[in-house]
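Participant: What follows is work08.tsv; its format and atoms are TSV, C-alpha atoms.
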chain	number	residue	atom	x	y	z
A	1	ILE	CA	-25.52	-7.66	-17.15
A	2	VAL	CA	-28.70	-9.67	-17.28
A	3	SER	CA	-27.39	-13.13	-16.46
A	4	TYR	CA	-23.96	-14.27	-15.33
A	5	SER	CA	-22.49	-17.70	-14.81
A	6	ALA	CA	-18.88	-18.28	-13.79
A	7	SER	CA	-16.40	-20.77	-12.41
A	8	TYR	CA	-13.53	-19.49	-10.28
A	9	ASN	CA	-10.41	-21.61	-10.02
A	10	PHE	CA	-7.76	-20.40	-7.58
A	11	THR	CA	-4.48	-22.34	-7.48
A	12	LEU	CA	-2.28	-21.40	-4.53
A	13	ASN	CA	1.26	-22.45	-3.70
A	14	GLY	CA	1.26	-24.64	-6.78
A	15	ASN	CA	-0.72	-27.52	-5.30
A	16	ARG	CA	-3.93	-26.34	-3.64
A	17	THR	CA	-6.94	-25.58	-5.80
A	18	LEU	CA	-10.38	-24.16	-5.07
A	19	ILE	CA	-13.14	-24.27	-7.64
A	20	ALA	CA	-16.20	-22.19	-6.86
A	21	ASN	CA	-19.09	-22.51	-9.31
A	22	PHE	CA	-22.05	-20.14	-9.14
A	23	THR	CA	-24.81	-18.65	-11.18
A	24	ALA	CA	-26.57	-15.40	-10.42
A	25	SER	CA	-29.12	-13.44	-12.36
A	26	GLY	CA	-30.06	-9.81	-12.41
A	27	THR	CA	-28.09	-6.62	-12.90
A	28	HIS	CA	-25.21	-7.45	-10.58
A	29	PRO	CA	-21.65	-7.61	-11.96
A	30	LEU	CA	-19.90	-10.41	-10.06
A	31	GLY	CA	-16.44	-10.90	-8.63
A	32	ALA	CA	-14.54	-12.56	-5.80
A	33	ASP	CA	-12.24	-11.76	-2.89
A	34	PHE	CA	-9.53	-14.00	-1.52
A	35	ASN	CA	-6.34	-14.31	0.49
A	36	ALA	CA	-3.57	-15.84	-1.58
A	37	ASP	CA	-1.40	-15.90	1.56
A	38	GLY	CA	1.83	-15.28	-0.28
A	39	GLY	CA	1.25	-18.15	-2.74
A	40	SER	CA	0.80	-18.01	-6.46
A	41	ILE	CA	-2.28	-17.18	-8.50
A	42	ASN	CA	-3.12	-18.81	-11.78
A	43	TRP	CA	-4.27	-15.65	-13.54
A	44	ALA	CA	-5.20	-17.42	-16.76
A	45	GLN	CA	-7.60	-19.71	-14.92
A	46	GLU	CA	-9.10	-16.85	-12.94
A	47	MET	CA	-9.68	-14.69	-15.97
A	48	SER	CA	-11.18	-17.56	-17.96
A	49	SER	CA	-14.37	-17.04	-15.93
A	50	SER	CA	-14.53	-13.35	-16.94
A	51	PRO	CA	-15.04	-11.81	-13.48
A	52	SER	CA	-15.83	-8.11	-13.30
A	53	PHE	CA	-13.54	-7.59	-10.30
A	54	LEU	CA	-11.21	-9.31	-7.83
A	55	ILE	CA	-10.16	-8.10	-4.36
A	56	ILE	CA	-6.96	-9.59	-2.92
A	57	LYS	CA	-5.56	-9.45	0.61
A	58	ALA	CA	-2.40	-7.36	0.80
A	59	THR	CA	-1.73	-6.91	4.52
A	60	GLN	CA	-2.91	-7.79	8.00
A	61	GLY	CA	-2.44	-4.93	10.43
A	62	ALA	CA	1.07	-3.60	10.87
A	63	ASN	CA	2.62	-6.95	9.99
A	64	PRO	CA	5.65	-6.08	7.86
A	65	ASN	CA	5.15	-9.19	5.71
A	66	SER	CA	3.11	-8.88	2.55
A	67	PHE	CA	0.21	-11.28	2.07
A	68	LEU	CA	0.32	-10.65	-1.66
A	69	PRO	CA	1.34	-13.57	-3.85
A	70	SER	CA	4.74	-13.50	-5.46
A	71	ASN	CA	3.43	-13.22	-9.01
A	72	MET	CA	1.32	-10.07	-8.90
A	73	SER	CA	3.33	-8.92	-11.91
A	74	GLY	CA	1.30	-11.43	-13.92
A	75	ALA	CA	-1.99	-9.71	-13.07
A	76	PRO	CA	-4.06	-8.71	-16.10
A	77	ALA	CA	-4.46	-5.10	-17.09
A	78	VAL	CA	-7.54	-3.28	-15.86
A	79	THR	CA	-10.11	-2.59	-18.56
A	80	SER	CA	-13.55	-1.02	-18.81
A	81	GLY	CA	-15.03	-4.39	-17.81
A	82	PHE	CA	-12.49	-5.71	-15.31
A	83	THR	CA	-10.51	-4.35	-12.41
A	84	PHE	CA	-8.92	-5.54	-9.20
A	85	GLY	CA	-7.87	-4.08	-5.88
A	86	LEU	CA	-6.22	-4.88	-2.58
A	87	TYR	CA	-7.46	-4.95	1.00
A	88	ASP	CA	-6.01	-4.68	4.49
A	89	TYR	CA	-7.34	-7.06	7.13
A	90	ALA	CA	-7.68	-4.85	10.21
A	91	ASP	CA	-5.86	-6.52	13.09
A	92	PRO	CA	-5.30	-4.23	16.09
A	93	ASP	CA	-4.79	-7.31	18.28
A	94	GLU	CA	-1.95	-8.19	15.89
A	95	TYR	CA	-2.43	-11.93	15.62
A	96	ALA	CA	0.18	-11.84	12.86
A	97	ASN	CA	2.55	-9.53	14.76
A	98	PRO	CA	1.73	-9.79	18.49
A	99	SER	CA	4.57	-7.53	19.63
A	100	SER	CA	2.62	-4.42	18.60
A	101	ASN	CA	-0.97	-5.09	19.64
A	102	VAL	CA	-3.37	-2.61	21.25
A	103	SER	CA	-3.62	-3.75	24.86
A	104	ASP	CA	-6.14	-1.06	25.90
A	105	PRO	CA	-8.62	0.16	23.25
A	106	SER	CA	-9.80	2.91	25.61
A	107	ASN	CA	-6.36	4.50	25.15
A	108	SER	CA	-7.07	6.74	22.18
A	109	SER	CA	-3.40	7.42	21.49
A	110	ALA	CA	-2.65	3.71	21.24
A	111	VAL	CA	-5.63	3.09	18.97
A	112	ILE	CA	-4.63	5.90	16.63
A	113	ALA	CA	-0.96	4.87	16.56
A	114	ASP	CA	-1.86	1.28	15.70
A	115	ALA	CA	-4.25	2.35	12.91
A	116	HIS	CA	-1.63	4.69	11.47
A	117	ALA	CA	0.97	1.91	11.43
A	118	ALA	CA	-1.47	-0.49	9.76
A	119	ALA	CA	-2.50	2.00	7.07
A	120	ASN	CA	1.10	2.90	6.33
A	121	ALA	CA	2.08	-0.78	6.05
A	122	TYR	CA	-0.80	-1.31	3.63
A	123	TYR	CA	0.13	1.72	1.55
A	124	GLN	CA	3.79	0.74	1.25
A	125	ILE	CA	2.86	-2.72	-0.02
A	126	ALA	CA	-0.22	-1.86	-2.08
A	127	LYS	CA	0.73	1.50	-3.60
A	128	SER	CA	1.72	0.03	-6.97
A	129	TYR	CA	-1.93	-1.00	-7.37
A	130	LEU	CA	-3.54	2.11	-5.86
A	131	THR	CA	-3.53	3.71	-9.26
A	132	THR	CA	-6.01	4.90	-11.86
A	133	GLY	CA	-8.47	2.19	-12.89
A	134	HIS	CA	-7.85	-0.10	-9.92
A	135	LEU	CA	-10.41	-0.51	-7.15
A	136	VAL	CA	-10.39	2.00	-4.32
A	137	PRO	CA	-8.54	0.94	-1.14
A	138	ALA	CA	-10.41	-1.62	0.93
A	139	LEU	CA	-10.42	-2.24	4.69
A	140	ASP	CA	-11.67	-5.57	6.07
A	141	LEU	CA	-13.27	-5.30	9.54
A	142	GLU	CA	-13.95	-8.59	11.32
A	143	ASP	CA	-14.30	-10.13	14.76
A	144	GLU	CA	-11.16	-11.47	16.41
A	145	GLY	CA	-12.06	-15.15	16.38
A	146	GLY	CA	-8.51	-16.00	17.41
A	147	TYR	CA	-7.10	-15.14	13.97
A	148	GLY	CA	-6.92	-11.37	14.06
A	149	GLY	CA	-9.50	-8.62	14.09
A	150	PHE	CA	-11.51	-6.84	16.78
A	151	ASN	CA	-12.74	-8.45	19.98
A	152	SER	CA	-15.98	-6.54	19.46
A	153	PRO	CA	-19.17	-6.50	21.58
A	154	TYR	CA	-20.26	-9.44	19.40
A	155	ASP	CA	-17.08	-11.40	20.13
A	156	SER	CA	-15.67	-13.00	23.26
A	157	VAL	CA	-12.14	-14.32	22.84
A	158	SER	CA	-10.13	-14.74	26.02
A	159	GLY	CA	-6.75	-13.07	26.13
A	160	TYR	CA	-7.75	-10.16	23.88
A	161	PRO	CA	-9.01	-6.73	24.99
A	162	LYS	CA	-12.65	-5.86	24.36
A	163	TRP	CA	-13.44	-3.11	21.86
A	164	THR	CA	-16.51	-0.88	21.86
A	165	TRP	CA	-18.14	0.16	18.59
A	166	SER	CA	-16.89	3.71	19.13
A	167	GLU	CA	-13.32	2.52	19.61
A	168	ILE	CA	-13.51	0.53	16.38
A	169	ALA	CA	-14.87	3.60	14.60
A	170	GLU	CA	-11.98	5.68	15.94
A	171	TRP	CA	-9.53	3.08	14.59
A	172	ILE	CA	-11.18	3.19	11.15
A	173	ALA	CA	-11.01	6.99	11.09
A	174	ALA	CA	-7.34	6.98	12.06
A	175	TRP	CA	-6.55	4.36	9.39
A	176	THR	CA	-8.27	6.53	6.78
A	177	THR	CA	-6.43	9.66	7.94
A	178	GLN	CA	-3.03	7.98	7.63
A	179	LEU	CA	-3.75	6.51	4.19
A	180	GLN	CA	-4.79	9.91	2.88
A	181	GLN	CA	-1.67	11.45	4.39
A	182	ASP	CA	0.40	8.84	2.55
A	183	ASP	CA	-1.37	9.79	-0.68
A	184	PRO	CA	-3.83	12.72	-0.54
A	185	SER	CA	-5.19	11.82	-3.99
A	186	LEU	CA	-6.65	8.51	-2.78
A	187	PRO	CA	-10.40	8.24	-2.13
A	188	ALA	CA	-11.83	6.92	1.12
A	189	PRO	CA	-11.64	3.16	1.50
A	190	ILE	CA	-14.56	0.85	0.96
A	191	LEU	CA	-15.29	-0.89	4.28
A	192	TYR	CA	-15.99	-4.61	4.53
A	193	MET	CA	-18.14	-5.59	7.51
A	194	THR	CA	-20.93	-7.91	8.58
A	195	GLN	CA	-24.50	-6.72	8.85
A	196	GLY	CA	-24.08	-6.62	12.64
A	197	TYR	CA	-21.09	-4.31	12.30
A	198	ALA	CA	-22.98	-2.13	9.80
A	199	GLU	CA	-25.88	-1.77	12.23
A	200	ASN	CA	-23.51	-0.50	14.95
A	201	ILE	CA	-20.75	1.34	13.06
A	202	SER	CA	-22.44	4.02	11.02
A	203	PRO	CA	-20.65	6.42	8.68
A	204	GLN	CA	-21.73	9.18	11.05
A	205	LEU	CA	-19.95	7.47	13.96
A	206	ILE	CA	-16.73	7.12	11.97
A	207	ASN	CA	-16.93	10.71	10.75
A	208	SER	CA	-17.28	11.94	14.33
A	209	TYR	CA	-13.58	11.12	14.69
A	210	LEU	CA	-12.55	13.02	11.55
A	211	SER	CA	-11.97	16.74	11.23
A	212	SER	CA	-13.93	16.78	7.97
A	213	PRO	CA	-16.58	14.20	7.03
A	214	ILE	CA	-15.91	11.90	4.10
A	215	THR	CA	-18.10	9.47	2.19
A	216	TYR	CA	-17.39	5.79	2.80
A	217	GLN	CA	-18.79	2.99	0.68
A	218	LEU	CA	-20.01	-0.27	2.22
A	219	TRP	CA	-18.97	-3.82	1.33
A	220	VAL	CA	-21.35	-5.95	3.38
A	221	ALA	CA	-21.22	-9.66	4.17
A	222	ASP	CA	-24.65	-11.26	3.75
A	223	ILE	CA	-24.19	-15.00	3.47
A	224	ASN	CA	-27.36	-16.91	2.65
A	225	ASP	CA	-25.84	-20.40	2.35
A	226	SER	CA	-26.65	-20.25	-1.34
A	227	PRO	CA	-25.42	-18.07	-4.19
A	228	ASN	CA	-28.31	-15.62	-4.02
A	229	ILE	CA	-27.87	-11.87	-3.81
A	230	ASP	CA	-29.96	-10.21	-1.10
A	231	PRO	CA	-31.13	-6.82	-2.40
A	232	SER	CA	-31.91	-5.56	1.12
A	233	PRO	CA	-29.29	-6.60	3.69
A	234	SER	CA	-29.60	-5.07	7.15
A	235	ILE	CA	-27.16	-2.14	7.16
A	236	GLY	CA	-28.40	0.22	9.88
A	237	SER	CA	-28.08	3.89	8.96
A	238	TRP	CA	-25.85	3.29	5.95
A	239	PRO	CA	-27.66	4.81	2.96
A	240	THR	CA	-26.86	1.83	0.71
A	241	TRP	CA	-24.32	-0.89	0.00
A	242	ALA	CA	-21.88	-1.01	-2.91
A	243	ILE	CA	-20.64	-4.63	-2.77
A	244	GLU	CA	-22.27	-7.65	-1.17
A	245	GLN	CA	-20.30	-10.75	-0.24
A	246	TYR	CA	-23.08	-13.23	-0.79
A	247	ASP	CA	-21.52	-16.69	-0.62
A	248	TRP	CA	-18.59	-18.60	0.82
A	249	PRO	CA	-17.44	-21.69	-1.05
A	250	GLY	CA	-16.56	-23.20	2.33
A	251	THR	CA	-13.27	-24.58	1.04
A	252	THR	CA	-9.70	-23.80	2.02
A	253	PRO	CA	-8.08	-21.68	0.64
A	254	PRO	CA	-10.97	-19.18	0.56
A	255	GLY	CA	-12.47	-17.48	-2.45
A	256	ASP	CA	-15.58	-15.63	-1.40
A	257	LEU	CA	-18.16	-14.47	-3.94
A	258	ASP	CA	-19.20	-10.85	-4.33
A	259	ALA	CA	-21.67	-8.80	-6.33
A	260	LEU	CA	-22.09	-5.11	-7.04
A	261	ASN	CA	-25.33	-3.40	-6.11
A	262	SER	CA	-27.50	-3.02	-9.20
A	263	SER	CA	-27.25	0.75	-8.72
A	264	THR	CA	-23.43	0.68	-8.39
A	265	THR	CA	-21.20	0.95	-11.43
A	266	LEU	CA	-17.77	-0.59	-11.55
A	267	SER	CA	-16.26	2.78	-12.42
A	268	SER	CA	-17.68	4.32	-9.23
A	269	LEU	CA	-15.49	1.91	-7.23
A	270	GLU	CA	-12.36	2.65	-9.22
A	271	ILE	CA	-9.63	5.17	-8.52
A	272	GLN	CA	-10.25	7.87	-11.10
A	273	THR	CA	-7.04	9.90	-11.19
A	274	VAL	CA	-3.74	9.66	-9.40
A	275	PRO	CA	-1.21	12.40	-10.19
What would you get if you wrote out this structure as structure tokens?
Facilitator:
Amino acid sequence: IVSYSASYNFTLNGNRTLIANFTASGTHPLGADFNADGGSINWAQEMSSSPSFLIIKATQGANPNSFLPSNMSGAPAVTSGFTFGLYDYADPDEYANPSSNVSDPSNSSAVIADAHAAANAYYQIAKSYLTTGHLVPALDLEDEGGYGGFNSPYDSVSGYPKWTWSEIAEWIAAWTTQLQQDDPSLPAPILYMTQGYAENISPQLINSYLSSPITYQLWVADINDSPNIDPSPSIGSWPTWAIEQYDWPGTTPPGDLDALNSSTTLSSLEIQTVP
């Protein structure tokens, strides 16, 4: 892909529309991620822009309610040039389901139990799309901000427990363990995080909580206030990044813009075989 220009049009709940126009050049297949929040998606409009991939929110923590839109059955078939996948928004503070939050992140048993519940909830809702040709599972790691996530060392939200980087890494490892228990054929999830998270949560730190090390791929947020892909985001000891979220349209509902690393192929982010 030498040059790519696209217009994304997301219509949710029948009456709210976001149009995100962008142009990017280089060898970066482009796509988008968004939260349809249980509304509808106009698949024909989305596909008219010929994206290479889409990533859609499926769950938020152990909330039993699906965040998938009601018309996922209208999703296009995956092809050699297009695929889509689903992500879980990590929410151990359970903004969406406060009755089961982690009150003490230093309690390893509680952290692990919460991550297991979240991964299982994700699997039960997303499993129809965790199949050959779809994107690998995705886990969205963000600061609390009052809307769910981790009250990390970078965050300071009253009323929520503080998490260390190691405690967040333990949660990620436990989430991964449960997902692969639900379906041992699934690959490790791709992890969405900011550059600050990437600098503090290394793959080595996550793997220190696993009995056997696995290879995670990185989906890094690097917003430049313009639709330009940064070839060298700050990612700490991560060897490279696979997807970069490089722009926010800044409109509600969200539809954030993503690009593959020039050295990453779409097929390398797809589930290869599921028995």
Participant: Pull the closest atom pair for each residue of range 74-187 of chain A that gets at most 10 Å from range 263-270 of chain A, along with the distance in Å to one decimal, counting all atoms listed in the file, ordering rows by chain and then ascending residue number, as JSON lines.
Facilitator:
{"residue": "A:Ser80", "atom": "CA", "partner": "A:Ser267", "partner_atom": "CA", "distance": 7.9}
{"residue": "A:Gly81", "atom": "CA", "partner": "A:Leu266", "partner_atom": "CA", "distance": 7.8}
{"residue": "A:Phe82", "atom": "CA", "partner": "A:Leu266", "partner_atom": "CA", "distance": 8.3}
{"residue": "A:Thr83", "atom": "CA", "partner": "A:Glu270", "partner_atom": "CA", "distance": 7.9}
{"residue": "A:Phe84", "atom": "CA", "partner": "A:Glu270", "partner_atom": "CA", "distance": 8.9}
{"residue": "A:Gly85", "atom": "CA", "partner": "A:Glu270", "partner_atom": "CA", "distance": 8.8}
{"residue": "A:Leu130", "atom": "CA", "partner": "A:Glu270", "partner_atom": "CA", "distance": 9.5}
{"residue": "A:Thr131", "atom": "CA", "partner": "A:Glu270", "partner_atom": "CA", "distance": 8.9}
{"residue": "A:Thr132", "atom": "CA", "partner": "A:Glu270", "partner_atom": "CA", "distance": 7.2}
{"residue": "A:Gly133", "atom": "CA", "partner": "A:Glu270", "partner_atom": "CA", "distance": 5.4}
{"residue": "A:His134", "atom": "CA", "partner": "A:Glu270", "partner_atom": "CA", "distance": 5.3}
{"residue": "A:Leu135", "atom": "CA", "partner": "A:Glu270", "partner_atom": "CA", "distance": 4.3}
{"residue": "A:Val136", "atom": "CA", "partner": "A:Glu270", "partner_atom": "CA", "distance": 5.3}
{"residue": "A:Pro137", "atom": "CA", "partner": "A:Glu270", "partner_atom": "CA", "distance": 9.1}
{"residue": "A:Pro187", "atom": "CA", "partner": "A:Glu270", "partner_atom": "CA", "distance": 9.2}
Participant: Using all atoms listed in the file, find the one residue out of A:Trp248, A:Trp165, A:Tyr122, A:Trp175 that sits nearest to Thr59 in chain A.
Facilitator: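 Among the listed residues, A:Tyr122 lies closest to Thr59 in chain A.
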Participant: Which of these, A:Thr176, A:Ser262, A:Tyr209, A:Trp219, has the shortest distance to Pro231 in chain A once you count only C-alpha atoms?
Facilitator: A:Ser262
Participant: Looking at all atoms listed in the file, which of A:Ser208, A:Leu179, A:Gly39, A:Gln45 is the one that sits closest to Met72 in chain A?
Facilitator: A:Gly39
Participant: Of the residues A:Thr164, A:Asn63, A:Ser70, A:Thr177, which is the one nearest to Ile112 in chain A, using all atoms listed in the file?
Facilitator: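 Selected residue with least distance to Ile112 in chain A: A:Thr177.
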Participant: Given all atoms listed in the file as the basis, pick out the residue of A:Asp93, A:Asp183, A:Asp258, A:Glu142 nearest to Pro161 in chain A.
Facilitator: A:Asp93
Participant: Please enclose the listed atoms of range 212-223 of chain A in an axis-aligned box, pad each side by 6 Å, and write out the centre and the three edge lengths in Å, rounded to one decimal, as AutoDock Vina command-line options.
Facilitator:
--center_x -19.3 --center_y 0.9 --center_z 4.3 --size_x 22.7 --size_y 43.8 --size_z 19.3
Participant: At what distance in Å, to one decimal, does CA of Tyr154 in chain A lie from CA of Ala242 in chain A?
Facilitator: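 According to the coordinates, CA of Ala242 in chain A and CA of Tyr154 in chain A are separated by 23.9 Å.
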Participant: Suppose you want the space between CA of Ala174 in chain A and CA of Asp114 in chain A; what is it in Å?
Facilitator: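 Distance between the two atoms: 8.7 Å.
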Participant: Let me make sure I understand: among A:Leu68, A:Val78, A:Leu139, A:Leu205, which one has the smallest atom-to-atom distance to Ala115 in chain A if we use all atoms listed in the file?
Facilitator: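 Nearest candidate to Ala115 in chain A out of A:Leu68, A:Val78, A:Leu139, A:Leu205: A:Leu139.
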Participant: Pick out the residues sitting within 9 Å of Ser237 in chain A, and hand them over as number ranges by chain; count all atoms listed in the file, and ignore anything fewer than 3 positions along from it in its own chain.
Facilitator: A: 198-204, 240
Participant: Please work out which residues fall within 8 Å of (-21.9, -10.4, 9.1), coordinates as given in the file, with all atoms listed in the file counting, and return them as a list in words.
Facilitator: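 The answer, in the requested form, is Met193, Thr194, Gln195, Gly196, Tyr197, Val220, Ala221, Asp222 and Ile223 of chain A.
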Participant: Missing atoms in range 110-130 of chain A: can you complete it with N, CA and C atoms, as a PDB file, in the coordinates of the input?
Facilitator:
ATOM      1  N   ALA A 110      -3.097   5.028  21.684  1.00  0.00           N
ATOM      2  CA  ALA A 110      -2.650   3.710  21.240  1.00  0.00           C
ATOM      3  C   ALA A 110      -3.458   3.231  20.038  1.00  0.00           C
ATOM      4  N   VAL A 111      -4.761   3.478  20.077  1.00  0.00           N
ATOM      5  CA  VAL A 111      -5.630   3.090  18.970  1.00  0.00           C
ATOM      6  C   VAL A 111      -5.209   3.810  17.690  1.00  0.00           C
ATOM      7  N   ILE A 112      -5.002   5.107  17.792  1.00  0.00           N
ATOM      8  CA  ILE A 112      -4.630   5.900  16.630  1.00  0.00           C
ATOM      9  C   ILE A 112      -3.260   5.489  16.095  1.00  0.00           C
ATOM     10  N   ALA A 113      -2.304   5.276  16.990  1.00  0.00           N
ATOM     11  CA  ALA A 113      -0.960   4.870  16.560  1.00  0.00           C
ATOM     12  C   ALA A 113      -0.988   3.541  15.831  1.00  0.00           C
ATOM     13  N   ASP A 114      -1.784   2.593  16.338  1.00  0.00           N
ATOM     14  CA  ASP A 114      -1.860   1.280  15.700  1.00  0.00           C
ATOM     15  C   ASP A 114      -2.500   1.393  14.313  1.00  0.00           C
ATOM     16  N   ALA A 115      -3.585   2.175  14.204  1.00  0.00           N
ATOM     17  CA  ALA A 115      -4.250   2.350  12.910  1.00  0.00           C
ATOM     18  C   ALA A 115      -3.334   3.026  11.906  1.00  0.00           C
ATOM     19  N   HIS A 116      -2.579   4.014  12.359  1.00  0.00           N
ATOM     20  CA  HIS A 116      -1.630   4.690  11.470  1.00  0.00           C
ATOM     21  C   HIS A 116      -0.582   3.713  10.958  1.00  0.00           C
ATOM     22  N   ALA A 117      -0.048   2.884  11.840  1.00  0.00           N
ATOM     23  CA  ALA A 117       0.970   1.910  11.430  1.00  0.00           C
ATOM     24  C   ALA A 117       0.397   0.914  10.426  1.00  0.00           C
ATOM     25  N   ALA A 118      -0.841   0.476  10.668  1.00  0.00           N
ATOM     26  CA  ALA A 118      -1.470  -0.490   9.760  1.00  0.00           C
ATOM     27  C   ALA A 118      -1.711   0.120   8.384  1.00  0.00           C
ATOM     28  N   ALA A 119      -2.234   1.348   8.355  1.00  0.00           N
ATOM     29  CA  ALA A 119      -2.500   2.000   7.070  1.00  0.00           C
ATOM     30  C   ALA A 119      -1.217   2.253   6.298  1.00  0.00           C
ATOM     31  N   ASN A 120      -0.165   2.643   7.000  1.00  0.00           N
ATOM     32  CA  ASN A 120       1.100   2.900   6.330  1.00  0.00           C
ATOM     33  C   ASN A 120       1.697   1.617   5.769  1.00  0.00           C
ATOM     34  N   ALA A 121       1.588   0.514   6.544  1.00  0.00           N
ATOM     35  CA  ALA A 121       2.080  -0.780   6.050  1.00  0.00           C
ATOM     36  C   ALA A 121       1.331  -1.187   4.787  1.00  0.00           C
ATOM     37  N   TYR A 122       0.019  -0.997   4.812  1.00  0.00           N
ATOM     38  CA  TYR A 122      -0.800  -1.310   3.630  1.00  0.00           C
ATOM     39  C   TYR A 122      -0.373  -0.463   2.439  1.00  0.00           C
ATOM     40  N   TYR A 123      -0.211   0.828   2.658  1.00  0.00           N
ATOM     41  CA  TYR A 123       0.130   1.720   1.550  1.00  0.00           C
ATOM     42  C   TYR A 123       1.476   1.342   0.936  1.00  0.00           C
ATOM     43  N   GLN A 124       2.458   1.054   1.765  1.00  0.00           N
ATOM     44  CA  GLN A 124       3.790   0.740   1.250  1.00  0.00           C
ATOM     45  C   GLN A 124       3.776  -0.521   0.382  1.00  0.00           C
ATOM     46  N   ILE A 125       2.927  -1.474   0.728  1.00  0.00           N
ATOM     47  CA  ILE A 125       2.860  -2.720  -0.020  1.00  0.00           C
ATOM     48  C   ILE A 125       1.923  -2.616  -1.214  1.00  0.00           C
ATOM     49  N   ALA A 126       0.826  -1.877  -1.054  1.00  0.00           N
ATOM     50  CA  ALA A 126      -0.220  -1.860  -2.080  1.00  0.00           C
ATOM     51  C   ALA A 126      -0.106  -0.708  -3.070  1.00  0.00           C
ATOM     52  N   LYS A 127       0.774   0.248  -2.839  1.00  0.00           N
ATOM     53  CA  LYS A 127       0.730   1.500  -3.600  1.00  0.00           C
ATOM     54  C   LYS A 127       0.893   1.313  -5.103  1.00  0.00           C
ATOM     55  N   SER A 128       1.574   0.255  -5.526  1.00  0.00           N
ATOM     56  CA  SER A 128       1.720   0.030  -6.970  1.00  0.00           C
ATOM     57  C   SER A 128       0.380  -0.245  -7.637  1.00  0.00           C
ATOM     58  N   TYR A 129      -0.610  -0.650  -6.831  1.00  0.00           N
ATOM     59  CA  TYR A 129      -1.930  -1.000  -7.370  1.00  0.00           C
ATOM     60  C   TYR A 129      -3.011  -0.019  -6.891  1.00  0.00           C
ATOM     61  N   LEU A 130      -2.607   1.043  -6.234  1.00  0.00           N
ATOM     62  CA  LEU A 130      -3.540   2.110  -5.860  1.00  0.00           C
ATOM     63  C   LEU A 130      -3.420   3.210  -6.903  1.00  0.00           C
TER      64      LEU A 130
END
